[in-house]
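Have a look at structure_33.txt below; it lists compact mmCIF, C-alpha atoms.
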# COMPACT_ATOMS: atom_id res chain seq x y z
CA MET Y 12 33.52 149.06 77.52
CA ASN Y 13 32.38 152.50 78.57
CA GLY Y 14 34.66 155.47 77.77
CA THR Y 15 37.34 153.39 76.10
CA ASP Y 16 38.96 153.20 72.68
CA LYS Y 17 40.99 150.83 70.47
CA GLN Y 18 44.15 151.65 72.44
CA ASP Y 19 42.39 150.49 75.62
CA GLU Y 20 41.47 147.22 73.92
CA SER Y 21 45.09 146.69 72.89
CA PHE Y 22 46.47 147.31 76.39
CA LEU Y 23 43.76 145.16 77.94
CA ARG Y 24 44.75 142.31 75.63
CA GLU Y 25 48.32 142.73 76.94
CA ALA Y 26 47.01 142.36 80.51
CA ILE Y 27 45.17 139.18 79.49
CA ARG Y 28 48.40 137.85 77.93
CA GLU Y 29 50.15 138.52 81.25
CA ALA Y 30 47.41 136.50 82.98
CA GLU Y 31 47.91 133.63 80.56
CA LYS Y 32 51.67 133.73 81.16
CA SER Y 33 51.05 133.72 84.90
CA VAL Y 34 48.94 130.56 84.64
CA ALA Y 35 51.58 128.91 82.46
CA ASN Y 36 54.23 129.74 85.08
CA GLY Y 37 52.24 128.38 88.02
CA GLY Y 38 50.63 131.65 89.12
CA GLY Y 39 47.03 132.76 89.31
CA PRO Y 40 44.94 133.74 86.26
CA PHE Y 41 45.46 137.49 86.57
CA GLY Y 42 47.61 140.00 84.73
CA ALA Y 43 48.03 143.76 84.57
CA VAL Y 44 49.87 146.45 82.66
CA LEU Y 45 50.52 150.03 83.73
CA VAL Y 46 50.48 152.63 80.98
CA ARG Y 47 51.58 156.27 80.87
CA GLU Y 48 51.22 158.45 77.79
CA GLY Y 49 50.48 155.46 75.57
CA GLU Y 50 53.53 153.46 76.70
CA ILE Y 51 53.60 150.36 78.89
CA ILE Y 52 55.62 151.26 81.98
CA ALA Y 53 55.26 147.90 83.73
CA ARG Y 54 53.62 144.51 83.27
CA ALA Y 55 53.03 141.76 85.78
CA GLY Y 56 51.17 138.59 86.50
CA ASN Y 57 49.84 137.16 89.73
CA SER Y 58 52.55 135.52 91.83
CA VAL Y 59 50.64 134.62 95.00
CA THR Y 60 51.42 130.91 94.78
CA THR Y 61 54.85 131.18 93.17
CA ASN Y 62 56.09 133.68 95.79
CA ASN Y 63 53.99 132.41 98.71
CA ASP Y 64 52.75 135.98 99.11
CA PRO Y 65 48.99 136.57 99.42
CA THR Y 66 49.48 140.23 98.43
CA ALA Y 67 51.29 139.43 95.16
CA HIS Y 68 48.27 140.08 92.95
CA ALA Y 69 48.99 141.26 89.41
CA GLU Y 70 47.79 144.80 90.11
CA VAL Y 71 49.93 145.14 93.25
CA ASN Y 72 52.93 143.69 91.41
CA VAL Y 73 52.52 146.09 88.49
CA ILE Y 74 52.11 149.07 90.83
CA ARG Y 75 55.30 148.09 92.68
CA GLU Y 76 57.20 147.72 89.40
CA GLY Y 77 55.79 150.97 88.03
CA GLY Y 78 56.84 152.86 91.15
CA ARG Y 79 60.36 151.42 90.88
CA ARG Y 80 60.68 152.30 87.20
CA LEU Y 81 59.26 155.81 87.58
CA HIS Y 82 61.05 156.41 90.90
CA THR Y 83 57.87 157.57 92.63
CA PHE Y 84 55.01 156.31 94.77
CA ASP Y 85 52.64 158.74 93.02
CA LEU Y 86 51.52 157.14 89.77
CA SER Y 87 49.28 160.02 88.68
CA GLY Y 88 49.01 160.15 84.92
CA THR Y 89 48.87 156.37 84.53
CA VAL Y 90 46.16 153.89 83.60
CA ILE Y 91 46.06 150.32 84.89
CA TYR Y 92 44.72 147.58 82.65
CA ALA Y 93 43.73 144.42 84.50
CA SER Y 94 42.61 141.09 83.12
CA ALA Y 95 39.93 141.02 85.84
CA GLU Y 96 38.16 143.55 88.03
CA PRO Y 97 40.56 144.47 90.84
CA CYS Y 98 39.82 142.91 94.22
CA PRO Y 99 39.33 145.27 97.18
CA MET Y 100 43.01 145.06 98.18
CA CYS Y 101 44.15 145.94 94.68
CA LEU Y 102 41.57 148.67 94.34
CA GLY Y 103 42.89 150.18 97.57
CA ALA Y 104 46.43 150.07 96.19
CA ILE Y 105 45.24 151.69 92.96
CA TYR Y 106 43.68 154.56 94.92
CA TRP Y 107 46.79 154.95 97.12
CA ALA Y 108 48.96 155.10 93.97
CA ASN Y 109 46.78 157.88 92.47
CA ILE Y 110 46.29 155.96 89.24
CA ASP Y 111 43.96 157.91 86.93
CA ARG Y 112 41.82 155.11 85.52
CA VAL Y 113 41.14 151.37 85.66
CA VAL Y 114 40.20 149.27 82.64
CA PHE Y 115 39.38 145.61 83.29
CA ALA Y 116 38.10 142.59 81.37
CA ALA Y 117 36.52 139.88 83.56
CA SER Y 118 34.09 140.92 86.31
CA ARG Y 119 34.29 140.00 90.00
CA ASP Y 120 31.38 137.61 89.43
CA GLU Y 121 33.23 135.89 86.60
CA ALA Y 122 36.25 135.53 88.90
CA ALA Y 123 33.94 134.04 91.55
CA GLY Y 124 32.84 131.47 88.96
CA ALA Y 125 36.47 130.32 88.81
CA GLY Y 126 36.67 130.02 92.61
CA PHE Y 127 37.99 133.45 93.62
CA ARG Y 128 36.53 135.37 96.59
CA ASP Y 129 36.61 138.95 95.30
CA ALA Y 130 32.81 139.37 95.25
CA MET Y 131 32.52 137.98 98.79
CA ILE Y 132 35.14 140.42 100.09
CA TYR Y 133 33.36 143.35 98.44
CA THR Y 134 30.16 142.22 100.22
CA GLU Y 135 31.98 141.90 103.55
CA LEU Y 136 33.45 145.40 103.27
CA ALA Y 137 29.97 146.87 102.97
CA LEU Y 138 29.04 145.42 106.38
CA PRO Y 139 29.79 147.13 109.71
CA PRO Y 140 32.92 145.56 111.24
CA ASP Y 141 30.95 143.75 113.95
CA GLN Y 142 28.80 141.98 111.31
CA ARG Y 143 31.65 140.58 109.18
CA HIS Y 144 32.50 136.88 109.15
CA LEU Y 145 36.10 137.66 110.13
CA PRO Y 146 35.94 138.85 113.76
CA HIS Y 147 36.90 142.49 114.23
CA CYS Y 148 37.60 143.98 117.65
CA HIS Y 149 38.03 147.75 118.04
CA LEU Y 150 40.20 148.40 121.10
CA PRO Y 151 40.68 152.20 121.32
CA LEU Y 152 43.79 152.38 123.51
CA GLN Y 153 44.52 155.76 125.06
CA GLU Y 154 47.79 156.14 123.10
CA ARG Y 155 46.22 155.19 119.73
CA LEU Y 156 46.47 158.74 118.33
CA ASN Y 157 50.11 159.34 119.31
CA PRO Y 158 51.53 158.27 115.91
CA PHE Y 159 49.09 160.61 114.12
CA ARG Y 160 50.04 163.54 116.35
CA GLU Y 161 53.73 162.84 115.74
CA TRP Y 162 53.04 162.70 112.00
CA GLU Y 163 51.14 166.00 112.05
CA GLU Y 164 54.00 167.70 113.94
CA LYS Y 165 56.74 166.31 111.70
CA SER Y 166 58.10 169.13 109.53
CA ASP Y 167 60.07 166.95 107.09
CA LYS Y 168 57.35 164.41 106.25
CA THR Y 169 56.50 163.35 102.72
CA PRO Y 170 52.71 163.48 102.38
CA TYR Y 171 51.06 160.72 100.40
Show the structure stored in the file as structure tokens.
Amino acid sequence: MNGTDKQDESFLREAIREAEKSVANGGGPFGAVLVREGEIIARAGNSVTTNNDPTAHAEVNVIREGGRRLHTFDLSGTVIYASAEPCPMCLGAIYWANIDRVVFAASRDEAAGAGFRDAMIYTELALPPDQRHLPHCHLPLQERLNPFREWEEKSDKTPY
């Protein structure tokens, strides 16, 4: 583990315990904890199958819980510990939440060995949209920029 310490190992073990709990409760084999100033703010497992929600990955769940507990969508000053390397969706959520650092245990290739598609999605994202297996169609309607213009002109917006 590069740039980590004993405290990182301890929090990462907590994330792995969350993953084990998730499996025991019928969820996927993923867990995460969110830490600020050496204290666990939130913990979560994967609940994709238990909630019938394909976005209910452990990292997304812990970010949602952390935001609720801290009363903010900006999680700057936090570290996320994940039992496995975050998938592209979770990584996007981590960036949007402004989390300072990610520490993970299992790699995307190890997750692929257990039947998960994280590595494949990372590969797909590197391709131009017209070369991906999932068809993408860019239809640049004339009014497509209206919401952005309205956002730019809005004086009482909350930037994120």
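Of the residues listed (Y:Pro65, Y:Pro139, Y:Pro151, Y:Pro97), Y:Pro97 shows the shortest atom-to-atom separation from Y:Phe41; distances use all atoms listed in the file.
Ranking Y:Ile52, Y:Leu23, Y:Val113, Y:Ala122 by their shortest atom-to-atom distance to Y:His82, with all atoms listed in the file included, puts Y:Ile52 first.
Closest approach to Y:Gly42 from the set Y:Leu102, Y:Ala117, Y:Ile110, Y:Leu145 is made by Y:Ala117, with distances taken over only C-alpha atoms.
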Coordinates of box centre and edge lengths for stretch 81-84 of chain Y, 3 Å on every side, axis-aligned, as JSON:
{"center_x": 58.0, "center_y": 156.7, "center_z": 91.2, "size_x": 12.0, "size_y": 7.8, "size_z": 13.2}
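In terms of minimum interatomic distance to Y:Asp19, Y:Val46 ranks closest within Y:Leu86, Y:Ile74, Y:Ile105, Y:Val46, counting all atoms listed in the file.
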Take atom CA of Y:Gly37 and atom CA of Y:Ala55 and report the distance between them in Å, one decimal. 13.6 Å
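Between atom CA of Y:Arg112 and atom CA of Y:Gln18 the interatomic distance comes to 13.7 Å.
Across the model, the gap from atom CA of Y:Asn36 to atom CA of Y:Thr60 is 10.2 Å.
With only C-alpha atoms as the basis for measurement, Y:Ala93 is the residue among Y:Thr134, Y:Val73, Y:Ala93, Y:Ile27 that approaches Y:Val114 most closely.
Using only C-alpha atoms, the shortest contact distance between Y:Leu45 and any of Y:Ala108, Y:Val59, Y:Cys98, Y:Ala130 is found at Y:Ala108.
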Would you list the contacts of Y:Arg47 as a ChimeraX atom specification, taking every protein, DNA or RNA residue within 12 Å and counting all atoms listed in the file, but skipping same-chain residues closer than 5 positions in sequence? /Y:22,52-53,77,80-81,86-92,110-112
